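The data block below is query-v1.cif; it holds mmCIF, C-alpha atoms and all ligand atoms.
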data_input
#
loop_
_atom_site.label_atom_id
_atom_site.label_comp_id
_atom_site.auth_asym_id
_atom_site.auth_seq_id
_atom_site.Cartn_x
_atom_site.Cartn_y
_atom_site.Cartn_z
CA MET A 111 -45.13 22.97 -129.56
CA ASP A 112 -44.55 26.71 -130.19
CA LYS A 113 -41.39 28.52 -129.12
CA CYS A 114 -42.97 30.06 -126.00
CA ALA A 115 -44.28 26.73 -124.73
CA LEU A 116 -40.90 25.11 -125.39
CA THR A 117 -39.07 27.88 -123.49
CA PHE A 118 -41.43 27.40 -120.57
CA CYS A 119 -41.06 23.61 -120.53
CA VAL A 120 -37.25 23.73 -120.66
CA ALA A 121 -37.11 26.34 -117.91
CA ALA A 122 -39.68 24.37 -115.89
CA GLY A 123 -37.55 21.23 -116.19
CA VAL A 124 -34.49 23.07 -114.94
CA ALA A 125 -36.43 24.54 -112.04
CA VAL A 126 -37.91 21.15 -111.05
CA CYS A 127 -34.43 19.56 -111.01
CA ALA A 128 -33.13 22.46 -108.95
CA ALA A 129 -35.99 22.07 -106.48
CA VAL A 130 -35.24 18.37 -106.06
CA PHE A 131 -31.54 18.85 -105.49
CA TRP A 132 -31.54 22.03 -103.42
CA PRO A 133 -32.05 21.45 -99.72
CA ARG A 134 -35.52 22.52 -98.64
CA GLN A 135 -35.24 25.29 -96.10
CA GLN A 136 -37.50 23.95 -93.36
CA ASN A 137 -40.76 22.59 -94.54
CA LYS A 138 -42.11 21.37 -91.23
CA LYS A 139 -41.99 23.33 -88.05
CA ALA A 140 -40.74 21.19 -85.16
CA GLU A 141 -42.78 20.97 -81.93
CA VAL A 142 -40.13 23.14 -80.31
CA ALA A 143 -38.79 25.84 -82.62
CA ASP A 144 -35.02 26.20 -82.78
CA GLY A 145 -34.64 29.89 -81.96
CA VAL A 146 -36.10 32.69 -84.03
CA ALA A 147 -35.06 30.98 -87.29
CA GLY A 148 -37.24 28.01 -86.34
CA LEU A 149 -40.30 30.27 -86.22
CA ILE A 150 -39.93 31.38 -89.83
CA GLY A 151 -42.23 29.99 -92.53
CA ASN A 152 -45.06 27.46 -92.41
CA THR A 153 -47.54 30.26 -91.90
CA PRO A 154 -51.25 29.38 -91.91
CA LEU A 155 -53.66 30.02 -94.75
CA VAL A 156 -56.67 31.93 -93.45
CA ARG A 157 -60.12 31.87 -95.04
CA ILE A 158 -61.22 35.46 -95.46
CA ALA A 159 -64.88 35.03 -94.55
CA SER A 160 -66.34 38.29 -95.88
CA LEU A 161 -64.74 37.95 -99.33
CA SER A 162 -65.51 34.22 -99.51
CA GLU A 163 -69.17 34.60 -98.59
CA ALA A 164 -69.73 37.52 -100.97
CA THR A 165 -68.29 35.65 -103.96
CA GLY A 166 -69.15 32.01 -103.23
CA CYS A 167 -65.43 31.28 -103.58
CA LEU A 168 -62.82 30.26 -101.08
CA VAL A 169 -60.68 33.39 -100.74
CA LEU A 170 -57.57 32.52 -98.75
CA GLY A 171 -54.77 34.69 -97.39
CA LYS A 172 -51.32 33.33 -96.51
CA ALA A 173 -50.76 34.88 -93.09
CA GLU A 174 -47.15 35.92 -93.62
CA PHE A 175 -47.54 38.65 -91.00
CA LEU A 176 -47.28 35.81 -88.44
CA ASN A 177 -43.59 35.31 -89.19
CA PRO A 178 -41.53 36.38 -86.13
CA GLY A 179 -40.16 39.48 -87.90
CA GLY A 180 -43.71 40.35 -88.97
CA SER A 181 -43.51 39.74 -92.72
CA SER A 182 -42.80 37.36 -95.60
CA LYS A 183 -39.32 38.90 -95.80
CA ASP A 184 -38.17 36.73 -92.87
CA ARG A 185 -37.88 33.85 -95.35
CA VAL A 186 -35.60 35.85 -97.66
CA ALA A 187 -33.47 37.16 -94.78
CA LEU A 188 -32.87 33.73 -93.26
CA TYR A 189 -32.07 32.07 -96.57
CA ALA A 190 -29.79 34.88 -97.80
CA ILE A 191 -27.83 35.03 -94.53
CA GLU A 192 -27.43 31.24 -94.29
CA GLN A 193 -26.34 30.95 -97.92
CA ALA A 194 -23.89 33.88 -97.67
CA ALA A 195 -22.36 32.47 -94.47
CA GLN A 196 -22.02 29.03 -96.06
CA ALA A 197 -20.43 30.47 -99.20
CA GLY A 198 -17.93 32.47 -97.11
CA GLN A 199 -19.39 35.80 -98.32
CA LEU A 200 -20.26 36.68 -94.72
CA ARG A 201 -17.67 36.19 -91.98
CA ALA A 202 -18.50 35.59 -88.29
CA GLY A 203 -19.54 38.94 -86.78
CA GLY A 204 -19.59 40.55 -90.26
CA CYS A 205 -21.97 43.25 -91.41
CA ILE A 206 -25.01 42.78 -93.66
CA PHE A 207 -26.01 45.75 -95.86
CA GLU A 208 -29.34 46.23 -97.61
CA GLY A 209 -31.50 48.85 -99.28
CA THR A 210 -35.13 48.19 -98.33
CA SER A 211 -38.51 49.85 -97.91
CA GLY A 212 -38.32 48.43 -94.38
CA SER A 213 -39.69 44.91 -94.13
CA THR A 214 -36.60 43.13 -95.46
CA GLY A 215 -34.42 45.26 -93.22
CA ILE A 216 -36.39 44.31 -90.12
CA SER A 217 -36.14 40.62 -91.03
CA LEU A 218 -32.40 40.90 -91.75
CA ALA A 219 -31.77 42.77 -88.49
CA MET A 220 -33.66 40.08 -86.55
CA VAL A 221 -31.87 37.11 -88.14
CA ALA A 222 -28.52 38.97 -87.92
CA ARG A 223 -29.03 39.39 -84.15
CA ALA A 224 -29.89 35.72 -83.75
CA LYS A 225 -26.82 34.62 -85.69
CA GLY A 226 -24.26 37.13 -84.39
CA PHE A 227 -23.98 39.44 -87.40
CA ARG A 228 -24.32 43.23 -87.64
CA CYS A 229 -26.75 45.02 -89.93
CA HIS A 230 -26.75 48.35 -91.81
CA ILE A 231 -30.03 49.32 -93.46
CA VAL A 232 -30.66 52.12 -95.95
CA MET A 233 -34.33 53.01 -96.53
CA PRO A 234 -36.36 55.76 -98.22
CA SER A 235 -37.40 58.49 -95.77
CA ASP A 236 -41.06 58.37 -96.86
CA GLN A 237 -41.67 54.92 -95.34
CA ALA A 238 -43.57 54.62 -92.05
CA ILE A 239 -41.35 55.77 -89.16
CA GLU A 240 -42.21 52.72 -87.01
CA LYS A 241 -40.17 50.59 -89.40
CA SER A 242 -36.94 52.48 -88.72
CA GLU A 243 -37.69 52.57 -84.98
CA LEU A 244 -38.11 48.81 -84.98
CA LEU A 245 -34.84 48.42 -86.92
CA GLN A 246 -33.05 50.39 -84.22
CA ARG A 247 -34.57 48.20 -81.51
CA TYR A 248 -33.04 45.21 -83.34
CA GLY A 249 -29.69 47.00 -83.17
CA ALA A 250 -29.35 47.87 -86.85
CA THR A 251 -27.66 51.03 -88.11
CA VAL A 252 -30.38 52.88 -90.04
CA GLU A 253 -29.94 55.49 -92.78
CA ARG A 254 -33.08 57.18 -94.08
CA VAL A 255 -32.42 58.79 -97.47
CA GLU A 256 -34.62 60.93 -99.70
CA PRO A 257 -36.63 58.89 -102.22
CA ARG A 258 -34.71 58.99 -105.51
CA SER A 259 -34.80 57.11 -108.81
CA ILE A 260 -32.67 53.98 -109.21
CA VAL A 261 -30.44 55.86 -111.69
CA ASP A 262 -29.50 58.36 -108.95
CA ALA A 263 -26.46 57.59 -106.77
CA GLY A 264 -28.55 58.67 -103.77
CA ASN A 265 -31.21 55.98 -104.29
CA TYR A 266 -31.45 53.79 -101.18
CA VAL A 267 -30.37 50.62 -102.99
CA ASN A 268 -27.34 52.35 -104.52
CA VAL A 269 -26.33 53.85 -101.16
CA ALA A 270 -26.53 50.41 -99.50
CA ARG A 271 -24.43 48.84 -102.28
CA ARG A 272 -21.82 51.59 -101.88
CA ARG A 273 -21.69 51.25 -98.08
CA ALA A 274 -21.06 47.51 -98.46
CA ALA A 275 -18.31 48.07 -101.04
CA GLU A 276 -16.62 50.61 -98.76
CA SER A 277 -16.84 48.34 -95.70
CA ASP A 278 -14.40 45.68 -94.59
CA GLY A 279 -15.94 42.48 -95.98
CA GLY A 280 -19.58 43.54 -95.70
CA TYR A 281 -22.25 41.48 -97.50
CA PHE A 282 -24.77 43.27 -99.74
CA VAL A 283 -27.98 41.22 -99.90
CA ASP A 284 -29.37 42.92 -103.05
CA GLN A 285 -32.90 41.54 -102.69
CA PHE A 286 -34.10 43.06 -105.99
CA GLU A 287 -31.50 41.31 -108.12
CA ASN A 288 -30.42 38.34 -105.96
CA PRO A 289 -32.01 35.11 -107.32
CA LEU A 290 -32.01 33.62 -103.80
CA ASN A 291 -35.12 35.71 -103.27
CA PHE A 292 -37.00 33.82 -106.03
CA ASP A 293 -35.53 30.51 -104.83
CA VAL A 294 -36.77 30.75 -101.25
CA HIS A 295 -40.37 31.45 -102.28
CA TYR A 296 -40.17 28.68 -104.89
CA GLN A 297 -38.84 26.28 -102.27
CA THR A 298 -40.97 27.22 -99.23
CA THR A 299 -43.90 29.63 -99.71
CA ALA A 300 -45.26 27.95 -102.84
CA PRO A 301 -45.02 24.30 -101.68
CA GLU A 302 -46.71 25.35 -98.44
CA ILE A 303 -49.62 26.86 -100.43
CA LEU A 304 -49.84 23.72 -102.56
CA GLY A 305 -49.96 21.48 -99.47
CA GLN A 306 -52.42 23.68 -97.58
CA THR A 307 -54.87 23.77 -100.49
CA LYS A 308 -54.19 20.11 -101.40
CA GLY A 309 -53.55 21.41 -104.90
CA GLU A 310 -57.08 22.78 -105.21
CA ILE A 311 -56.24 26.29 -106.21
CA ASP A 312 -57.66 28.14 -109.19
CA ALA A 313 -55.90 31.48 -108.90
CA PHE A 314 -53.05 33.21 -107.09
CA VAL A 315 -52.58 36.97 -106.87
CA HIS A 316 -49.89 39.15 -105.29
CA GLY A 317 -48.11 42.46 -105.73
CA SER A 318 -44.51 42.80 -106.79
CA GLY A 319 -41.77 44.70 -104.98
CA THR A 320 -38.62 42.78 -105.75
CA GLY A 321 -40.78 40.25 -107.63
CA GLY A 322 -39.33 37.35 -105.61
CA THR A 323 -42.61 36.17 -104.11
CA LEU A 324 -44.74 36.58 -107.23
CA ALA A 325 -42.20 34.91 -109.53
CA GLY A 326 -41.24 32.09 -107.13
CA VAL A 327 -44.84 31.17 -106.27
CA THR A 328 -46.12 31.55 -109.85
CA TRP A 329 -43.40 29.28 -111.26
CA PHE A 330 -44.01 26.57 -108.70
CA LEU A 331 -47.80 26.66 -109.01
CA LYS A 332 -47.74 26.66 -112.82
CA GLN A 333 -45.53 23.55 -112.70
CA ASN A 334 -47.69 21.73 -110.17
CA VAL A 335 -51.32 22.83 -110.64
CA PRO A 336 -52.76 22.39 -114.14
CA GLY A 337 -54.84 25.37 -115.17
CA VAL A 338 -53.94 27.62 -112.24
CA ARG A 339 -54.11 31.31 -113.13
CA CYS A 340 -51.65 33.79 -111.62
CA PHE A 341 -52.09 37.56 -111.47
CA LEU A 342 -50.20 40.68 -110.45
CA ALA A 343 -51.91 43.19 -108.14
CA ASP A 344 -50.19 46.52 -108.78
CA PRO A 345 -50.58 49.83 -106.93
CA GLN A 346 -51.38 53.02 -108.81
CA GLY A 347 -48.30 54.70 -110.30
CA SER A 348 -46.47 51.41 -110.92
CA GLY A 349 -45.72 50.37 -114.50
CA LEU A 350 -45.63 46.61 -113.90
CA ALA A 351 -49.33 45.99 -114.63
CA ASN A 352 -48.92 47.67 -118.00
CA ARG A 353 -45.86 45.52 -118.70
CA VAL A 354 -47.83 42.35 -117.97
CA ASN A 355 -50.98 43.35 -119.87
CA HIS A 356 -49.49 45.25 -122.82
CA GLY A 357 -45.76 44.39 -122.91
CA VAL A 358 -44.75 48.00 -122.23
CA LEU A 359 -43.55 49.17 -118.83
CA PHE A 360 -43.89 52.91 -119.35
CA ALA A 361 -43.88 55.65 -121.92
CA ASP A 362 -40.30 56.76 -122.62
CA SER A 363 -41.00 60.06 -120.89
CA GLU A 364 -41.66 58.17 -117.65
CA ARG A 365 -38.48 56.08 -117.52
CA GLU A 366 -36.91 56.10 -114.04
CA GLY A 367 -34.51 59.01 -113.86
CA THR A 368 -36.41 61.22 -116.30
CA ARG A 369 -38.86 62.50 -113.72
CA ARG A 370 -38.12 64.56 -110.66
CA ARG A 371 -41.07 63.46 -108.56
CA GLN A 372 -41.15 60.11 -106.83
CA GLN A 373 -41.58 57.36 -109.41
CA VAL A 374 -44.26 55.18 -107.88
CA ASP A 375 -46.68 57.69 -106.45
CA SER A 376 -48.69 55.45 -104.13
CA LEU A 377 -49.38 55.25 -100.41
CA VAL A 378 -48.93 51.50 -100.62
CA GLU A 379 -45.55 50.36 -99.29
CA GLY A 380 -43.37 47.49 -100.47
CA VAL A 381 -44.88 46.91 -103.94
CA GLY A 382 -44.93 48.71 -107.28
CA LEU A 383 -41.97 49.66 -109.47
CA ASN A 384 -41.11 51.27 -112.78
CA ARG A 385 -38.23 48.98 -113.65
CA LEU A 386 -37.82 45.25 -114.20
CA THR A 387 -35.76 43.55 -111.50
CA ARG A 388 -33.91 40.28 -112.06
CA ASN A 389 -36.46 38.52 -109.82
CA PHE A 390 -39.42 39.91 -111.77
CA LYS A 391 -37.70 39.04 -115.06
CA LYS A 392 -38.04 35.36 -114.14
CA LEU A 393 -41.66 35.83 -115.21
CA LEU A 394 -40.75 36.99 -118.73
CA LEU A 395 -41.24 34.50 -121.54
CA CYS A 396 -40.76 34.26 -125.24
CA GLY A 397 -38.23 36.95 -126.10
CA ALA A 398 -39.55 38.85 -123.06
CA LYS A 399 -42.71 39.92 -124.90
CA LYS A 400 -45.03 37.80 -122.76
CA THR A 401 -45.02 36.83 -119.08
CA LEU A 402 -45.95 33.66 -117.23
CA LEU A 403 -48.78 35.64 -115.62
CA ASP A 404 -52.40 35.55 -116.77
CA GLY A 405 -52.95 39.24 -116.21
CA ALA A 406 -52.51 42.20 -113.91
CA VAL A 407 -54.81 44.67 -112.21
CA THR A 408 -54.08 48.16 -110.94
CA VAL A 409 -55.56 49.02 -107.56
CA THR A 410 -56.02 52.64 -106.48
CA ASP A 411 -54.84 53.92 -103.12
CA ALA A 412 -58.46 54.82 -102.31
CA ASP A 413 -59.60 51.21 -102.81
CA ALA A 414 -56.62 49.88 -100.85
CA VAL A 415 -57.50 52.08 -97.85
CA ARG A 416 -61.20 51.14 -98.07
CA MET A 417 -60.39 47.41 -98.31
CA SER A 418 -58.15 47.60 -95.21
CA ARG A 419 -60.99 49.21 -93.26
CA TRP A 420 -63.48 46.66 -94.66
CA LEU A 421 -61.33 43.70 -93.55
CA MET A 422 -60.94 45.17 -90.07
CA ALA A 423 -64.67 45.90 -89.72
CA ASN A 424 -65.89 42.57 -91.10
CA ASP A 425 -63.16 40.00 -90.49
CA GLY A 426 -61.10 41.47 -87.64
CA LEU A 427 -58.09 41.28 -89.97
CA PHE A 428 -55.59 44.10 -89.43
CA VAL A 429 -53.52 44.10 -92.61
CA GLY A 430 -50.87 46.31 -94.19
CA SER A 431 -51.20 48.19 -97.45
CA SER A 432 -49.84 45.54 -99.83
CA ALA A 433 -52.22 42.94 -98.36
CA ALA A 434 -55.06 45.41 -98.88
CA ILE A 435 -54.39 45.79 -102.63
CA ASN A 436 -54.04 42.01 -102.88
CA CYS A 437 -57.49 41.59 -101.35
CA VAL A 438 -59.08 44.15 -103.73
CA ALA A 439 -57.59 42.13 -106.61
CA ALA A 440 -58.59 38.77 -105.07
CA LEU A 441 -62.20 40.00 -104.78
CA SER A 442 -62.27 40.91 -108.50
CA ILE A 443 -60.67 37.60 -109.53
CA ALA A 444 -63.11 35.59 -107.40
CA ARG A 445 -66.07 37.48 -108.89
CA SER A 446 -64.83 36.90 -112.43
CA LEU A 447 -64.14 33.18 -111.87
CA GLY A 448 -67.56 32.69 -110.28
CA PRO A 449 -68.67 30.61 -107.27
CA GLY A 450 -66.84 27.42 -106.32
CA HIS A 451 -63.28 28.55 -107.05
CA THR A 452 -60.30 28.97 -104.72
CA VAL A 453 -58.28 32.18 -104.86
CA VAL A 454 -55.10 32.55 -102.79
CA THR A 455 -53.27 35.74 -101.93
CA ILE A 456 -50.54 36.87 -99.54
CA LEU A 457 -51.04 38.95 -96.41
CA ALA A 458 -47.42 40.12 -96.33
CA ASP A 459 -47.53 42.25 -93.19
CA SER A 460 -49.85 43.61 -90.53
CA GLY A 461 -51.41 47.03 -90.03
CA GLN A 462 -49.15 47.42 -86.99
CA ARG A 463 -46.33 48.30 -89.43
CA HIS A 464 -48.42 51.17 -90.80
CA LEU A 465 -49.89 52.95 -87.77
CA THR A 466 -48.46 56.37 -88.61
CA LYS A 467 -49.37 56.37 -92.32
CA PHE A 468 -51.71 53.91 -94.01
CA TRP A 469 -53.55 53.21 -90.75
CA ASN A 470 -53.55 56.83 -89.59
CA ASP A 471 -57.01 58.18 -90.46
CA ASP A 472 -55.93 61.82 -90.29
CA ALA A 473 -53.04 61.21 -92.70
CA MET A 474 -55.32 59.30 -95.06
CA ALA A 475 -58.08 61.93 -94.85
CA LYS A 476 -55.47 64.59 -95.70
CA ALA A 477 -54.55 62.53 -98.76
CA GLY A 478 -58.26 62.62 -99.68
CA HIS A 479 -59.17 59.04 -98.78
CA GLU A 480 -62.33 57.73 -97.15
CA THR A 481 -61.35 55.88 -93.96
CA VAL A 482 -64.78 54.53 -93.01
CA ALA A 483 -65.38 50.91 -94.02
CA PRO A 484 -67.70 50.75 -97.07
CA GLU A 485 -71.24 49.49 -96.50
CA SER A 486 -70.88 46.71 -99.04
CA LEU A 487 -68.31 44.98 -101.26
CA ASP A 488 -70.37 46.21 -104.23
CA GLU A 489 -68.57 49.52 -103.72
CA PHE A 490 -65.33 47.96 -105.02
CA PRO A 491 -64.80 48.11 -108.81
CA GLN A 492 -64.55 45.02 -110.99
CA LEU A 493 -60.96 45.15 -112.25
CA LEU A 494 -60.88 42.38 -114.85
C1 LIG B 501 -45.17 44.61 -97.06
C2 LIG B 501 -44.67 44.04 -98.33
N1 LIG B 501 -45.51 43.39 -99.12
C3 LIG B 501 -45.12 42.86 -100.30
C4 LIG B 501 -43.82 42.99 -100.72
C5 LIG B 501 -43.44 42.43 -102.07
O1 LIG B 501 -42.76 41.23 -102.01
P1 LIG B 501 -41.62 40.93 -103.07
O2 LIG B 501 -40.45 41.80 -102.71
O3 LIG B 501 -41.32 39.49 -102.90
O4 LIG B 501 -42.12 41.28 -104.42
C6 LIG B 501 -42.91 43.66 -99.93
C7 LIG B 501 -41.53 43.83 -100.36
O5 LIG B 501 -40.73 44.50 -99.74
C8 LIG B 501 -43.33 44.20 -98.70
O6 LIG B 501 -42.50 44.87 -97.90
#

Hey, can you dump this file as structure tokens for me?
Amino acid sequence: MDKCALTFCVAAGVAVCAAVFWPRQQNKKAEVADGVAGLIGNTPLVRIASLSEATGCLVLGKAEFLNPGGSSKDRVALYAIEQAAQAGQLRAGGCIFEGTSGSTGISLAMVARAKGFRCHIVMPSDQAIEKSELLQRYGATVERVEPRSIVDAGNYVNVARRRAAESDGGYFVDQFENPLNFDVHYQTTAPEILGQTKGEIDAFVHGSGTGGTLAGVTWFLKQNVPGVRCFLADPQGSGLANRVNHGVLFADSEREGTRRRQQVDSLVEGVGLNRLTRNFKKLLLCGAKKTLLDGAVTVTDADAVRMSRWLMANDGLFVGSSAAINCVAALSIARSLGPGHTVVTILADSGQRHLTKFWNDDAMAKAGHETVAPESLDEFPQLL
């Protein structure tokens, strides 16, 4: 057994033991849900008819937008708040701080309300305005700050960390670096996918923001489904696909902090990064040269917009931008595997979160993107 395989097996053993001994969050929804927390998780898998019929595969989307806070981040918020309260890091009535592109903040604000905590969210000002309006409706304090690199004190994550440190006993969630993020997807999202597909899954693909979903699901599937292939779907401007395919995140001249313009120059929200987070690093193997993934594809903004319009026109699915890039990647993977395979992806949020940007045709036309659904799936490029 070579060194890489040995590293993987040892780590897999540790993770399996951890999964057995950690309490499962809530794997079965009761007939009557216990408050908002009881509505989180156990989302359905939906067959995406247009992509399935065109490829002869079963292309399935995990409908995470059906969580009560509207995204997969509800799982992370519930788990982080429960664990912090149990560990005494969060006192009754205390304040939760987080830097987020929006979705995690909304989930935290919702769970905080339900459990009697306060919430202070710092987010980049270029994210869709409906996200901060929703945060305010949930009673969170919202700070919108200019998009800055992670090495800048004004970066939204750094501001949130500072606000927590300056507060009286505030809890900083730190979704990018907090391993609870990986754990909750390993313990809930992935076993749900395994059960829903009865283990018949050939490929999984998802984007990476914090990396929690991709790493947690990939680890679990690789341990439980022999031969499953896992892929990263990356937006344009992100360095992660390059890191997965070539072992290099970026040219030195593009390191975060060396450029003045925004680092990940994409219209897609919630995914894409030019740094390795602790959650994404769970995917690194063998002296960090290789990853547990089987490959990565880069999806352009133009194709993401066209896929969102395609899914609406042909399937009645109203998805957000990260789900759109996932579906462009899932289409390519299904085509390359050939008929008879099952490809699973994540529909992290709905188009309702993106009405003023990604789903605003005028804004997209101004950015030079075609907003009419393509005539055929043949118009999408083969990415691998
Ligand atoms: C809409 C959306 N999709 C996907 C992701 C990526 O998930 P993860 O942070 O687990 O990598 C995020 C993260 O914020 C998101 O907001």

Checklist line | Polymer residues at most 10 Å from Glu489 (chain A), all atoms listed in the file, same-chain spacing of 5 or more positions, as a ChimeraX atom specification | finding: /A:413,416,484

Checklist line | Gap from CA of His295 (chain A) to CA of Ser277 (chain A) - Å, one decimal | finding: 29.7 Å

Kindly assemble as a tab-separated table a list of the chain A residues that lie within 8 Å of ligand LIG 501 (chain B), each paired with its nearest atom pair and their distance in Å to one decimal, using only C-alpha atoms and all ligand atoms, sorted first by chain and then by ascending residue number.
residue	atom	partner	partner_atom	distance
A:Ser181	CA	B:LIG501	C1	6.7
A:Ser182	CA	B:LIG501	C2	7.5
A:Lys183	CA	B:LIG501	O5	7.0
A:Thr210	CA	B:LIG501	O5	6.9
A:Ser211	CA	B:LIG501	O5	6.1
A:Gly212	CA	B:LIG501	O6	6.5
A:Ser213	CA	B:LIG501	O6	4.7
A:Thr214	CA	B:LIG501	O5	6.1
A:Gln285	CA	B:LIG501	O2	7.6
A:Phe286	CA	B:LIG501	O2	7.3
A:Asn291	CA	B:LIG501	O3	7.3
A:Phe292	CA	B:LIG501	O3	7.8
A:His316	CA	B:LIG501	C3	7.8
A:Gly317	CA	B:LIG501	C5	5.9
A:Ser318	CA	B:LIG501	O4	3.7
A:Gly319	CA	B:LIG501	O4	3.5
A:Thr320	CA	B:LIG501	O2	3.7
A:Gly321	CA	B:LIG501	O4	3.6
A:Gly322	CA	B:LIG501	O3	4.0
A:Thr323	CA	B:LIG501	O3	3.8
A:Leu324	CA	B:LIG501	O4	6.1
A:Glu379	CA	B:LIG501	C1	6.2
A:Gly380	CA	B:LIG501	C8	3.7
A:Val381	CA	B:LIG501	C5	5.1
A:Phe390	CA	B:LIG501	O4	7.9
A:Gly430	CA	B:LIG501	C1	6.6
A:Ser431	CA	B:LIG501	C1	7.0
A:Ser432	CA	B:LIG501	N1	4.9
A:Ala433	CA	B:LIG501	N1	6.8
A:Leu457	CA	B:LIG501	N1	7.6
A:Ala458	CA	B:LIG501	N1	4.7
A:Asp459	CA	B:LIG501	C1	5.1

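Comparing the minimum interatomic distances between Ala423 (chain A) and each of A:Val482, A:Ala143, A:Ala164, A:Asn288, counting only C-alpha atoms, we find that A:Val482 sits nearest.
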
List every residue of region 256-338 of chain A that has an atom at most 12 Å from any atom of region 168-171 of chain A, and for each one report the closest atom pair and its distance in Å to one decimal, counting only C-alpha atoms, with rows sorted by chain and then by increasing residue number, as CSV.
residue,atom,partner,partner_atom,distance
A:Ile303,CA,A:Gly171,CA,9.9
A:Gln306,CA,A:Leu170,CA,10.3
A:Thr307,CA,A:Leu170,CA,9.3
A:Glu310,CA,A:Leu168,CA,10.3
A:Ile311,CA,A:Leu168,CA,9.2
A:Asp312,CA,A:Leu168,CA,9.8
A:Ala313,CA,A:Val169,CA,9.6
A:Phe314,CA,A:Leu170,CA,9.5
A:Val315,CA,A:Gly171,CA,10.0
A:His316,CA,A:Gly171,CA,10.3

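Interatomic distance, CA of Gly151 (chain A) to CA of Phe175 (chain A): 10.3 Å.
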
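A straight line drawn from CA of Gly382 (chain A) to CA of Pro336 (chain A) is 28.3 Å long.
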
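The set of protein, DNA and RNA residues with any counted atom at most 10 Å from (-36.2, 47.4, -86.7) (only C-alpha atoms) reads A:Gly179, A:Gly212, A:Ser213, A:Thr214, A:Gly215, A:Ile216, A:Ser217, A:Leu218, A:Ala219, A:Met220, A:Ile231, A:Glu240, A:Lys241, A:Ser242, A:Glu243, A:Leu244, A:Leu245, A:Gln246, A:Arg247, A:Tyr248, A:Gly249, A:Ala250, A:Thr251, A:Val252.
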
Next item on the list: Name the residues in contact with Leu304 (chain A) at a cut-off of 10 Å, using only C-alpha atoms, excluding same-chain residues fewer than 5 positions from it; report them as a ChimeraX atom specification.
Entry: /A:299,309-311,327,330-331,334-335

Can you tell me, as a PDB file with C-alpha atoms, in the frame of the given file, what residues are no more than 10 Å from Leu359 (chain A) when counting only C-alpha atoms, ignoring any on the same chain fewer than 4 positions away?
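Result file part-v2.pdb:
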ATOM      1  CA  SER A 348     -46.470  51.410-110.920  1.00  0.00           C
ATOM      2  CA  GLY A 349     -45.720  50.370-114.500  1.00  0.00           C
ATOM      3  CA  LEU A 350     -45.630  46.610-113.900  1.00  0.00           C
ATOM      4  CA  ALA A 351     -49.330  45.990-114.630  1.00  0.00           C
ATOM      5  CA  ASN A 352     -48.920  47.670-118.000  1.00  0.00           C
ATOM      6  CA  ARG A 353     -45.860  45.520-118.700  1.00  0.00           C
ATOM      7  CA  VAL A 354     -47.830  42.350-117.970  1.00  0.00           C
ATOM      8  CA  ASN A 355     -50.980  43.350-119.870  1.00  0.00           C
ATOM      9  CA  GLU A 364     -41.660  58.170-117.650  1.00  0.00           C
ATOM     10  CA  ARG A 365     -38.480  56.080-117.520  1.00  0.00           C
ATOM     11  CA  LEU A 383     -41.970  49.660-109.470  1.00  0.00           C
ATOM     12  CA  ASN A 384     -41.110  51.270-112.780  1.00  0.00           C
ATOM     13  CA  ARG A 385     -38.230  48.980-113.650  1.00  0.00           C
ATOM     14  CA  LEU A 386     -37.820  45.250-114.200  1.00  0.00           C
TER      15      LEU A 386
END

Next item on the list: May I have the residues within 12 Å of Met422 (chain A) as a PyMOL selection string, using all atoms listed in the file and disregarding those fewer than 3 positions away in the same chain?
Entry: chain A and resi 158-160+415-419+425-430+434+460-461+469+481-484

Selection export as a JSON list (two decimals), in the frame of the given file, atoms kept: C-alpha atoms:
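Result went into part36.json, see below:
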[["chain", "number", "residue", "atom", "x", "y", "z"],
["A", 158, "ILE", "CA", -61.22, 35.46, -95.46],
["A", 159, "ALA", "CA", -64.88, 35.03, -94.55],
["A", 160, "SER", "CA", -66.34, 38.29, -95.88],
["A", 415, "VAL", "CA", -57.50, 52.08, -97.85],
["A", 416, "ARG", "CA", -61.20, 51.14, -98.07],
["A", 417, "MET", "CA", -60.39, 47.41, -98.31],
["A", 418, "SER", "CA", -58.15, 47.60, -95.21],
["A", 419, "ARG", "CA", -60.99, 49.21, -93.26],
["A", 425, "ASP", "CA", -63.16, 40.00, -90.49],
["A", 426, "GLY", "CA", -61.10, 41.47, -87.64],
["A", 427, "LEU", "CA", -58.09, 41.28, -89.97],
["A", 428, "PHE", "CA", -55.59, 44.10, -89.43],
["A", 429, "VAL", "CA", -53.52, 44.10, -92.61],
["A", 430, "GLY", "CA", -50.87, 46.31, -94.19],
["A", 434, "ALA", "CA", -55.06, 45.41, -98.88],
["A", 460, "SER", "CA", -49.85, 43.61, -90.53],
["A", 461, "GLY", "CA", -51.41, 47.03, -90.03],
["A", 469, "TRP", "CA", -53.55, 53.21, -90.75],
["A", 481, "THR", "CA", -61.35, 55.88, -93.96],
["A", 482, "VAL", "CA", -64.78, 54.53, -93.01],
["A", 483, "ALA", "CA", -65.38, 50.91, -94.02],
["A", 484, "PRO", "CA", -67.70, 50.75, -97.07]]
